[in-house]
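Quick notes on the structure that follows.
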Amino acid sequence: MKKLTVILLLFLLTGMLHSQKIYMPTEFKNAVKKDTRTLNGAPGSRYWQNKSTYEINAQLNPETRTVNGTEIITYFNNSPDTLREVVIRLYQDIYKKNAVRDFEIDARDATDGVQLKSIIVDGKEYKTTDTAHFSQYSTNFTLSLLSPLMPQSSIKLEIAWSETISRYRNIRTGCYDSTTFFVGYWYPQVAVYDDIHGWDKLYYSGQTEFYNDCNNYDVNIEVPRNFLVWATGQLQNGDKIFNAAAFAKLSDAGKADTLQRIAAPGAYAGLCNLDTTHVFSYTAENVPDFAFAASDKLYWDSRSVIVDSLTGRRALVQAIYPVATDEEKEMANTAASILQTFSFVYPRIAYPYPSMTVFVNKSPRGGMEFPMMVNDGMPPTHEGTIGLTAHEIAHTYFPFYMGINERRFAWMDEGWASQIPFDLNPGDTKTSSARESNNKAYNAIAGTSNDLPLFIESSQSNGYAYRNAAYNKPACMYDILCDMVGKENFIKALGAYVSDWHQKHPQPHDFMNSMNTALGKNYNWYWQPWFETFSYPDLSIDTVVVDQENAHVTIQNVGGIPVPVVLSLHYSDGTSKAQHYSAAVWEKDATAIFDIACTSDKKLTGITLGSKDIPDNNTQNNSWNCK
């Protein structure tokens, strides 16, 4: 039997399939002119970024589901601009009666919103009834400053507020039973002022999520006796709150791979030194947000794991959950394994923070990410648990470590959080792989009016269009590029992008330009159909001509999106052989011809095109049978 050989010929057309220039919005062009951005993908020499420090004191009252807080925000204006206003986010106004929302809420959760009790700016009090100096639209509260904030200077804002935590319709956070809380989007927060759009005035309506500066936090949270608090950052006063035995367990967990059961429901009273209210003190540096959980009856497991082999640095991994199922009892170990995989295998970037806490609620599905914390439901399958946990932890890199603006470009974080865990869930005979499931979801939308170019901002879409553009489509786009350039080259290029832009605010063009530079080749021909056009994945077997020794197969890229080509040759003895070609075959043309040498001792019965791992929204044109 002759060895099967394949020769790929590209059928040259008169012009390039895709132009080499990518649409660039004027705001990005202006940033390049100002040298805050560059065309090679690195930050410009004049790149700047503002930041804040937050000193927060808060009290959680479980009986009334209220948070009362005071905060001192020191906001640093590192920009060259004079700021005459400050935009403050009041996220919990999403539950305000008649608020603009992307999701329905239970009427019992409707409130009067965040109650601002006082605002003091650099020692001067602003009356919250003084509409001459503030305005509010949805969740954005804009404060006109009595004295402008000059470049390279700072301002101090002191704010007192209260709010009610949702109970019946929890949008990413809320009260999960009478004494179990996950609290996020909870404190008045200074919005981002950047070199592209100035103040970020896109309001929060429930769908598009984070865009925050890289800040420092010093947070004290007071809770009733027998309540515990887990939060972003590191606990600073564990030795004062916990008795010697409990604190020793927690300390040991931070030094070893061995799982420690720190507490179980019904045993909280024996953990703490004092039989009074407790104030848990947490600090976190260089993170874009802060969240916390509180309860008097969750299981609490803890361990640690090495995430940086060069320094031996460990990250504390905790799991807090309501029901001790086999899955949940292994949750801390599961999360630790995910951290190691992300740190050493793919994306091969050391987990950047000192801790990760997985909070598990009783919802059957769904999850939400926060810096160093995730709020997850309980999927019914092991594969679902792995996929959900990995997806939410992957958000550590995107958006948090990178400072992504997912209000405008959710694909820059949700797409990565979908693609990075693909190979953690390879699937088996009973379950689809994560990659296959993602492709199915993309195929269902591809080519329809809901299949939008990725340059369309996330805040401008909703429903299926948002889900596809944020999750499924970009996950395919990243994965296909990885296949085309090779996994090792892809990891190196991704690492270069992360190295240049971590804790900053990369834009889509920063990502594309950075990858072009790191890969040493202009891939604008690849970016353009994904980002600028309504192209979609649809390959077709156009013609097949068989002579005595060869099959001449012409493949047409009907949809225009560059995807890999997998051709499977089927023989009369029941055997098949698949040939894989990367998306590079579409760099110049929409048609490719494959000359395939057929074996002489087997009869060719048919040829099929495609794979479960490659999106293709029309498989009716993917087969040819020998007559």
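Numbering starts fresh at 1 for the residues of each chain in the structure tokens, the chains themselves are lettered A, B, ... in the order given, and ligands are numbered from 1 as they appear.
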
Backbone DSSP call of alpha helix (DSSP H) for region 89-250 of chain A, listed as number ranges by chain: A: 238-241, 244-250

Excluding Met512 (chain A) and its own-chain neighbours fewer than 2 positions away, which residues fall within 10 Å of it when counting only C-alpha atoms? Please give them as a JSON list (two decimals) with all heavy atoms, in the first residue's frame.
[["chain", "number", "residue", "atom", "x", "y", "z"],
["A", 22, "ILE", "N", -6.71, 47.30, 8.94],
["A", 22, "ILE", "CA", -7.80, 47.09, 9.88],
["A", 22, "ILE", "C", -8.39, 48.45, 10.24],
["A", 22, "ILE", "O", -7.66, 49.42, 10.48],
["A", 22, "ILE", "CB", -7.29, 46.39, 11.16],
["A", 22, "ILE", "CG1", -6.86, 44.96, 10.84],
["A", 22, "ILE", "CG2", -8.34, 46.37, 12.24],
["A", 22, "ILE", "CD1", -8.00, 44.03, 10.50],
["A", 39, "LEU", "N", 1.51, 51.48, 17.41],
["A", 39, "LEU", "CA", 1.04, 50.56, 16.39],
["A", 39, "LEU", "C", 1.75, 49.20, 16.45],
["A", 39, "LEU", "O", 1.39, 48.29, 15.72],
["A", 39, "LEU", "CB", 1.24, 51.17, 15.00],
["A", 39, "LEU", "CG", 0.41, 52.42, 14.71],
["A", 39, "LEU", "CD1", 0.70, 52.95, 13.31],
["A", 39, "LEU", "CD2", -1.09, 52.12, 14.86],
["A", 40, "ASN", "N", 2.75, 49.08, 17.34],
["A", 40, "ASN", "CA", 3.40, 47.77, 17.48],
["A", 40, "ASN", "C", 2.81, 46.97, 18.65],
["A", 40, "ASN", "O", 3.27, 45.87, 18.95],
["A", 40, "ASN", "CB", 4.92, 47.92, 17.64],
["A", 40, "ASN", "CG", 5.30, 48.63, 18.93],
["A", 40, "ASN", "OD1", 4.48, 48.84, 19.83],
["A", 40, "ASN", "ND2", 6.57, 49.02, 19.04],
["A", 41, "GLY", "N", 1.80, 47.53, 19.31],
["A", 41, "GLY", "CA", 1.11, 46.78, 20.35],
["A", 41, "GLY", "C", 1.57, 47.03, 21.76],
["A", 41, "GLY", "O", 0.97, 46.52, 22.71],
["A", 497, "TYR", "N", 1.87, 39.85, 25.18],
["A", 497, "TYR", "CA", 0.73, 40.76, 25.33],
["A", 497, "TYR", "C", 0.42, 41.01, 26.80],
["A", 497, "TYR", "O", 0.25, 42.16, 27.23],
["A", 497, "TYR", "CB", -0.47, 40.14, 24.60],
["A", 497, "TYR", "CG", -1.81, 40.75, 24.91],
["A", 497, "TYR", "CD1", -2.08, 42.10, 24.70],
["A", 497, "TYR", "CD2", -2.85, 39.94, 25.38],
["A", 497, "TYR", "CE1", -3.34, 42.63, 24.97],
["A", 497, "TYR", "CE2", -4.11, 40.46, 25.64],
["A", 497, "TYR", "CZ", -4.34, 41.80, 25.45],
["A", 497, "TYR", "OH", -5.59, 42.32, 25.71],
["A", 507, "GLN", "N", -6.73, 48.02, 24.56],
["A", 507, "GLN", "CA", -7.84, 48.12, 23.62],
["A", 507, "GLN", "C", -7.72, 46.99, 22.59],
["A", 507, "GLN", "O", -6.68, 46.32, 22.51],
["A", 507, "GLN", "CB", -7.77, 49.48, 22.91],
["A", 507, "GLN", "CG", -8.03, 50.67, 23.81],
["A", 507, "GLN", "CD", -9.51, 50.86, 24.06],
["A", 507, "GLN", "OE1", -10.29, 51.00, 23.14],
["A", 507, "GLN", "NE2", -9.89, 50.88, 25.33],
["A", 508, "PRO", "N", -8.76, 46.76, 21.79],
["A", 508, "PRO", "CA", -8.68, 45.71, 20.77],
["A", 508, "PRO", "C", -7.45, 45.83, 19.87],
["A", 508, "PRO", "O", -6.80, 44.83, 19.57],
["A", 508, "PRO", "CB", -9.97, 45.90, 19.98],
["A", 508, "PRO", "CG", -10.94, 46.44, 20.97],
["A", 508, "PRO", "CD", -10.12, 47.36, 21.84],
["A", 509, "HIS", "N", -7.13, 47.05, 19.44],
["A", 509, "HIS", "CA", -5.98, 47.21, 18.54],
["A", 509, "HIS", "C", -4.67, 46.95, 19.26],
["A", 509, "HIS", "O", -3.69, 46.53, 18.63],
["A", 509, "HIS", "CB", -5.99, 48.61, 17.91],
["A", 509, "HIS", "CG", -7.06, 48.78, 16.89],
["A", 509, "HIS", "ND1", -8.38, 48.99, 17.21],
["A", 509, "HIS", "CD2", -7.01, 48.74, 15.52],
["A", 509, "HIS", "CE1", -9.09, 49.08, 16.11],
["A", 509, "HIS", "NE2", -8.30, 48.93, 15.07],
["A", 510, "ASP", "N", -4.62, 47.20, 20.56],
["A", 510, "ASP", "CA", -3.41, 46.85, 21.31],
["A", 510, "ASP", "C", -3.20, 45.34, 21.28],
["A", 510, "ASP", "O", -2.07, 44.86, 21.11],
["A", 510, "ASP", "CB", -3.53, 47.32, 22.77],
["A", 510, "ASP", "CG", -3.64, 48.83, 22.89],
["A", 510, "ASP", "OD1", -2.88, 49.54, 22.20],
["A", 510, "ASP", "OD2", -4.48, 49.31, 23.67],
["A", 514, "SER", "N", -0.16, 43.75, 19.26],
["A", 514, "SER", "CA", 0.79, 43.03, 20.10],
["A", 514, "SER", "C", 1.01, 41.61, 19.57],
["A", 514, "SER", "O", 2.15, 41.13, 19.50],
["A", 514, "SER", "CB", 0.28, 42.98, 21.54],
["A", 514, "SER", "OG", 1.14, 42.20, 22.36],
["A", 515, "MET", "N", -0.08, 40.92, 19.20],
["A", 515, "MET", "CA", 0.06, 39.56, 18.68],
["A", 515, "MET", "C", 0.80, 39.57, 17.34],
["A", 515, "MET", "O", 1.66, 38.69, 17.11],
["A", 515, "MET", "CB", -1.33, 38.94, 18.52],
["A", 515, "MET", "CG", -2.08, 38.72, 19.82],
["A", 515, "MET", "SD", -1.30, 37.56, 20.96],
["A", 515, "MET", "CE", -1.73, 35.99, 20.21],
["A", 516, "ASN", "N", 0.51, 40.53, 16.46],
["A", 516, "ASN", "CA", 1.24, 40.62, 15.19],
["A", 516, "ASN", "C", 2.74, 40.75, 15.43],
["A", 516, "ASN", "O", 3.56, 40.09, 14.80],
["A", 516, "ASN", "CB", 0.75, 41.82, 14.38],
["A", 516, "ASN", "CG", -0.60, 41.60, 13.73],
["A", 516, "ASN", "OD1", -1.10, 40.48, 13.69],
["A", 516, "ASN", "ND2", -1.19, 42.66, 13.21],
["A", 517, "THR", "N", 3.09, 41.64, 16.38],
["A", 517, "THR", "CA", 4.51, 41.88, 16.67],
["A", 517, "THR", "C", 5.16, 40.64, 17.27],
["A", 517, "THR", "O", 6.25, 40.23, 16.85],
["A", 517, "THR", "CB", 4.65, 43.06, 17.63],
["A", 517, "THR", "OG1", 4.14, 44.25, 17.01],
["A", 517, "THR", "CG2", 6.11, 43.29, 18.01],
["A", 518, "ALA", "N", 4.50, 40.03, 18.25],
["A", 518, "ALA", "CA", 5.08, 38.87, 18.93],
["A", 518, "ALA", "C", 5.20, 37.67, 18.00],
["A", 518, "ALA", "O", 6.16, 36.88, 18.12],
["A", 518, "ALA", "CB", 4.24, 38.52, 20.15],
["A", 522, "ASN", "N", 2.21, 39.92, 10.07],
["A", 522, "ASN", "CA", 0.97, 40.69, 10.06],
["A", 522, "ASN", "C", -0.21, 39.74, 9.82],
["A", 522, "ASN", "O", -0.34, 39.15, 8.74],
["A", 522, "ASN", "CB", 1.03, 41.75, 8.96],
["A", 522, "ASN", "CG", -0.15, 42.70, 9.00],
["A", 522, "ASN", "OD1", -1.26, 42.33, 9.36],
["A", 522, "ASN", "ND2", 0.10, 43.94, 8.63],
["A", 523, "TYR", "N", -1.06, 39.61, 10.84],
["A", 523, "TYR", "CA", -2.24, 38.74, 10.72],
["A", 523, "TYR", "C", -3.52, 39.55, 10.52],
["A", 523, "TYR", "O", -4.61, 39.07, 10.84],
["A", 523, "TYR", "CB", -2.36, 37.85, 11.96],
["A", 523, "TYR", "CG", -1.41, 36.67, 11.92],
["A", 523, "TYR", "CD1", -0.16, 36.75, 12.52],
["A", 523, "TYR", "CD2", -1.76, 35.52, 11.25],
["A", 523, "TYR", "CE1", 0.71, 35.68, 12.48],
["A", 523, "TYR", "CE2", -0.89, 34.44, 11.19],
["A", 523, "TYR", "CZ", 0.35, 34.52, 11.81],
["A", 523, "TYR", "OH", 1.21, 33.47, 11.74],
["A", 524, "ASN", "N", -3.40, 40.74, 9.97],
["A", 524, "ASN", "CA", -4.60, 41.54, 9.73],
["A", 524, "ASN", "C", -5.59, 40.84, 8.81],
["A", 524, "ASN", "O", -6.80, 41.03, 8.91],
["A", 524, "ASN", "CB", -4.22, 42.90, 9.14],
["A", 524, "ASN", "CG", -3.60, 43.82, 10.18],
["A", 524, "ASN", "OD1", -3.57, 43.48, 11.37],
["A", 524, "ASN", "ND2", -3.10, 44.96, 9.76],
["A", 527, "TRP", "N", -7.58, 38.92, 11.30],
["A", 527, "TRP", "CA", -8.42, 39.73, 12.18],
["A", 527, "TRP", "C", -9.63, 40.31, 11.45],
["A", 527, "TRP", "O", -10.73, 40.39, 12.01],
["A", 527, "TRP", "CB", -7.62, 40.88, 12.80],
["A", 527, "TRP", "CG", -6.34, 40.53, 13.48],
["A", 527, "TRP", "CD1", -5.11, 41.05, 13.22],
["A", 527, "TRP", "CD2", -6.14, 39.61, 14.56],
["A", 527, "TRP", "NE1", -4.16, 40.51, 14.04],
["A", 527, "TRP", "CE2", -4.77, 39.63, 14.89],
["A", 527, "TRP", "CE3", -6.98, 38.77, 15.27],
["A", 527, "TRP", "CZ2", -4.22, 38.84, 15.90],
["A", 527, "TRP", "CZ3", -6.45, 37.98, 16.29],
["A", 527, "TRP", "CH2", -5.09, 38.02, 16.59]]

Residue list (strand (DSSP E or B), DSSP) for region 406-613 of chain A, as a ChimeraX atom specification: /A:536,539-546,550-557,560,565-571,576-581,591-597,604-609

Shortest interatomic distance to Asn489 (chain A) - which of A:Asp589, A:Gly198, A:Tyr571, A:Pro347, counting only C-alpha atoms: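 Of A:Asp589, A:Gly198, A:Tyr571, A:Pro347, the one nearest Asn489 (chain A), counting only C-alpha atoms, is A:Pro347.
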
Selected residue of minimal separation from Ala107 (chain A) among A:Phe455, A:Tyr187, A:Phe370, A:Tyr95, counting only C-alpha atoms: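 The shortest atom-to-atom distance to Ala107 (chain A) comes from A:Tyr95.
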
Close residues, Thr605 (chain A) itself excluded, 8 Å, only C-alpha atoms, min 5 positions apart in chain, as a tab-separated table (two decimals) with all heavy atoms, in the first residue's frame:
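Generated output (selection-v8.tsv):
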chain	number	residue	atom	x	y	z
A	569	LEU	N	-10.86	10.99	4.29
A	569	LEU	CA	-11.04	10.08	3.18
A	569	LEU	C	-11.56	8.75	3.71
A	569	LEU	O	-10.96	8.18	4.64
A	569	LEU	CB	-9.74	9.86	2.42
A	569	LEU	CG	-9.29	10.99	1.50
A	569	LEU	CD1	-8.77	12.17	2.30
A	569	LEU	CD2	-8.21	10.50	0.54
A	570	HIS	N	-12.65	8.23	3.14
A	570	HIS	CA	-13.27	7.00	3.61
A	570	HIS	C	-13.11	5.92	2.55
A	570	HIS	O	-13.35	6.16	1.34
A	570	HIS	CB	-14.76	7.25	3.89
A	570	HIS	CG	-15.00	8.39	4.83
A	570	HIS	ND1	-14.69	8.35	6.17
A	570	HIS	CD2	-15.49	9.65	4.61
A	570	HIS	CE1	-15.01	9.51	6.74
A	570	HIS	NE2	-15.49	10.32	5.81
A	571	TYR	N	-12.75	4.71	3.01
A	571	TYR	CA	-12.47	3.60	2.09
A	571	TYR	C	-13.45	2.46	2.30
A	571	TYR	O	-14.14	2.37	3.33
A	571	TYR	CB	-11.03	3.12	2.27
A	571	TYR	CG	-10.01	4.14	1.85
A	571	TYR	CD1	-9.42	4.99	2.79
A	571	TYR	CD2	-9.65	4.28	0.51
A	571	TYR	CE1	-8.49	5.96	2.41
A	571	TYR	CE2	-8.72	5.24	0.12
A	571	TYR	CZ	-8.14	6.07	1.07
A	571	TYR	OH	-7.24	7.02	0.68
A	572	SER	N	-13.51	1.58	1.31
A	572	SER	CA	-14.50	0.50	1.29
A	572	SER	C	-14.31	-0.49	2.42
A	572	SER	O	-15.25	-1.21	2.77
A	572	SER	CB	-14.46	-0.23	-0.05
A	572	SER	OG	-13.16	-0.73	-0.31
A	625	ASN	N	-19.77	11.63	-2.10
A	625	ASN	CA	-19.77	10.17	-2.19
A	625	ASN	C	-19.39	9.73	-3.59
A	625	ASN	O	-19.86	10.29	-4.60
A	625	ASN	CB	-21.16	9.60	-1.87
A	625	ASN	CG	-21.53	9.87	-0.42
A	625	ASN	OD1	-20.71	9.69	0.47
A	625	ASN	ND2	-22.77	10.29	-0.19
A	626	CYS	N	-18.53	8.71	-3.68
A	626	CYS	CA	-18.06	8.20	-4.97
A	626	CYS	C	-19.19	7.40	-5.63
A	626	CYS	O	-19.80	6.52	-5.00
A	626	CYS	CB	-16.84	7.30	-4.76
A	626	CYS	SG	-16.10	6.70	-6.29
A	627	LYS	N	-19.46	7.69	-6.85
A	627	LYS	CA	-20.53	6.99	-7.58
A	627	LYS	C	-19.96	5.86	-8.42
A	627	LYS	O	-18.86	5.93	-8.92
A	627	LYS	CB	-21.27	7.99	-8.48
A	627	LYS	CG	-21.96	9.09	-7.70
A	627	LYS	CD	-22.66	10.04	-8.63
A	627	LYS	CE	-23.34	11.17	-7.85
A	627	LYS	NZ	-24.01	12.15	-8.74

Closest of A:Leu235, A:Ala191, A:Ala319, A:Ile72 to Ile159 (chain A) - atom-to-atom distances counting only C-alpha atoms: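 Distance minimum relative to Ile159 (chain A) lands on A:Ile72.
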
For Ile593 (chain A), the nearest of the candidates A:Tyr401, A:Phe247, A:Trp411, A:Tyr581, counting only C-alpha atoms: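 Nearest candidate to Ile593 (chain A) out of A:Tyr401, A:Phe247, A:Trp411, A:Tyr581: A:Tyr581.
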
Among the residues A:Pro529, A:Pro426, A:Pro564, A:Gly415, the one that comes closest to Leu452 (chain A) [using only C-alpha atoms]: A:Pro529

Shell around Asn622 (chain A) at 10 Å using only C-alpha atoms, local window under 5 positions removed, as a PyMOL selection string: chain A and resi 538-542+555+567+607-610+616

Restrict the selected residues to all heavy atoms and save them as a short mmCIF file (atom, residue, chain, number, x, y, z; two decimals), in the first residue's frame.
data_model
loop_
_atom_site.label_atom_id
_atom_site.label_comp_id
_atom_site.auth_asym_id
_atom_site.auth_seq_id
_atom_site.Cartn_x
_atom_site.Cartn_y
_atom_site.Cartn_z
N ASP A 538 -18.39 28.63 7.22
CA ASP A 538 -19.10 27.70 6.34
C ASP A 538 -18.16 27.32 5.20
O ASP A 538 -17.93 28.10 4.28
CB ASP A 538 -20.38 28.32 5.78
CG ASP A 538 -21.13 27.36 4.85
OD1 ASP A 538 -20.81 26.14 4.87
OD2 ASP A 538 -22.01 27.82 4.10
N LEU A 539 -17.60 26.12 5.29
CA LEU A 539 -16.78 25.58 4.22
C LEU A 539 -17.61 24.58 3.43
O LEU A 539 -18.50 23.91 3.97
CB LEU A 539 -15.53 24.88 4.77
CG LEU A 539 -14.58 25.72 5.62
CD1 LEU A 539 -13.33 24.90 5.96
CD2 LEU A 539 -14.21 27.02 4.95
N SER A 540 -17.31 24.47 2.15
CA SER A 540 -18.08 23.59 1.27
C SER A 540 -17.15 22.82 0.36
O SER A 540 -16.16 23.36 -0.14
CB SER A 540 -19.05 24.44 0.43
OG SER A 540 -19.64 23.67 -0.60
N ILE A 541 -17.47 21.52 0.16
CA ILE A 541 -16.80 20.77 -0.89
C ILE A 541 -17.43 21.19 -2.21
O ILE A 541 -18.61 20.92 -2.46
CB ILE A 541 -16.96 19.25 -0.68
CG1 ILE A 541 -16.24 18.81 0.59
CG2 ILE A 541 -16.40 18.49 -1.89
CD1 ILE A 541 -16.35 17.32 0.87
N ASP A 542 -16.65 21.90 -3.01
CA ASP A 542 -17.18 22.45 -4.26
C ASP A 542 -17.19 21.39 -5.36
O ASP A 542 -18.24 21.07 -5.93
CB ASP A 542 -16.34 23.66 -4.68
CG ASP A 542 -17.03 24.49 -5.74
OD1 ASP A 542 -18.25 24.34 -5.91
OD2 ASP A 542 -16.35 25.29 -6.39
N ILE A 555 -12.20 23.19 -2.20
CA ILE A 555 -12.95 23.64 -1.03
C ILE A 555 -13.23 25.13 -1.17
O ILE A 555 -12.32 25.92 -1.46
CB ILE A 555 -12.18 23.37 0.28
CG1 ILE A 555 -11.79 21.90 0.38
CG2 ILE A 555 -13.01 23.80 1.49
CD1 ILE A 555 -12.95 20.96 0.40
N LEU A 567 -10.08 17.21 6.11
CA LEU A 567 -10.62 16.35 5.06
C LEU A 567 -10.43 14.89 5.47
O LEU A 567 -9.31 14.48 5.79
CB LEU A 567 -9.92 16.60 3.73
CG LEU A 567 -10.35 17.85 2.96
CD1 LEU A 567 -9.42 18.09 1.78
CD2 LEU A 567 -11.79 17.72 2.49
N ILE A 607 -15.66 11.34 0.70
CA ILE A 607 -14.84 12.35 1.38
C ILE A 607 -15.77 13.23 2.20
O ILE A 607 -16.83 13.66 1.72
CB ILE A 607 -14.05 13.21 0.37
CG1 ILE A 607 -13.09 12.34 -0.45
CG2 ILE A 607 -13.27 14.31 1.09
CD1 ILE A 607 -12.40 13.08 -1.57
N THR A 608 -15.39 13.49 3.43
CA THR A 608 -16.15 14.43 4.27
C THR A 608 -15.25 15.56 4.71
O THR A 608 -14.03 15.41 4.84
CB THR A 608 -16.78 13.75 5.49
OG1 THR A 608 -15.75 13.12 6.26
CG2 THR A 608 -17.82 12.73 5.09
N LEU A 609 -15.87 16.67 4.98
CA LEU A 609 -15.18 17.90 5.37
C LEU A 609 -15.63 18.29 6.77
O LEU A 609 -16.81 18.25 7.10
CB LEU A 609 -15.52 19.01 4.38
CG LEU A 609 -15.10 20.45 4.71
CD1 LEU A 609 -13.58 20.58 4.71
CD2 LEU A 609 -15.72 21.41 3.69
N GLY A 610 -14.67 18.68 7.61
CA GLY A 610 -15.03 19.25 8.90
C GLY A 610 -14.75 18.35 10.08
O GLY A 610 -14.32 17.19 9.95
N ASP A 616 -18.73 25.21 11.83
CA ASP A 616 -19.23 25.20 10.46
C ASP A 616 -20.75 25.16 10.57
O ASP A 616 -21.32 24.16 11.02
CB ASP A 616 -18.70 24.00 9.69
CG ASP A 616 -19.01 24.09 8.19
OD1 ASP A 616 -20.02 24.72 7.83
OD2 ASP A 616 -18.23 23.53 7.40
#

Selected residue, from A:Thr36, A:Asn333, A:Gln59, A:Gln340, that lies nearest to Pro224 (chain A) when counting only C-alpha atoms: A:Gln59

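You will find CA of Asn513 (chain A) at 24.5 Å from CA of Tyr466 (chain A).
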
Neighbour list for region 117-120 of chain A as a list in words, cut-off 7 Å, only C-alpha atoms, skip fewer than 4 positions in-chain: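 Contacts, in chain order: Lys124, Glu125, Tyr126, Thr128, Leu157, Glu158, Ile159, Ala160 and Trp161 of chain A.
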
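Within 9 Å of region 272-282 of chain A there are A:Gln59, A:Tyr217, A:Asp218, A:Val219, A:Asn220, A:Ile221, A:Glu222, A:Val223, A:Pro224, A:Arg225, A:Asn226, A:Phe227, A:Leu228, A:Val229, A:Trp230, A:Ala231, A:Thr232, A:Gly233, A:Gln234, A:Leu235, A:Gln236, A:Asn237, A:Gly238, A:Lys240, A:Ile241, A:Phe242, A:Asn243, A:Ala244, A:Ala246, counting only C-alpha atoms and ignoring same-chain residues fewer than 6 positions away.
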
Residue contacts of Leu424 (chain A) (10 Å, only C-alpha atoms) excluding same-chain residues fewer than 3 positions away, as a ChimeraX atom specification: /A:338,341,346,383,386-387,390,420-421,427,433-435

Atomic distance CA of Val558 (chain A) - CA of Ala446 (chain A), expressed in Å with one decimal: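 Distance reported for this atom pair: 12.5 Å.
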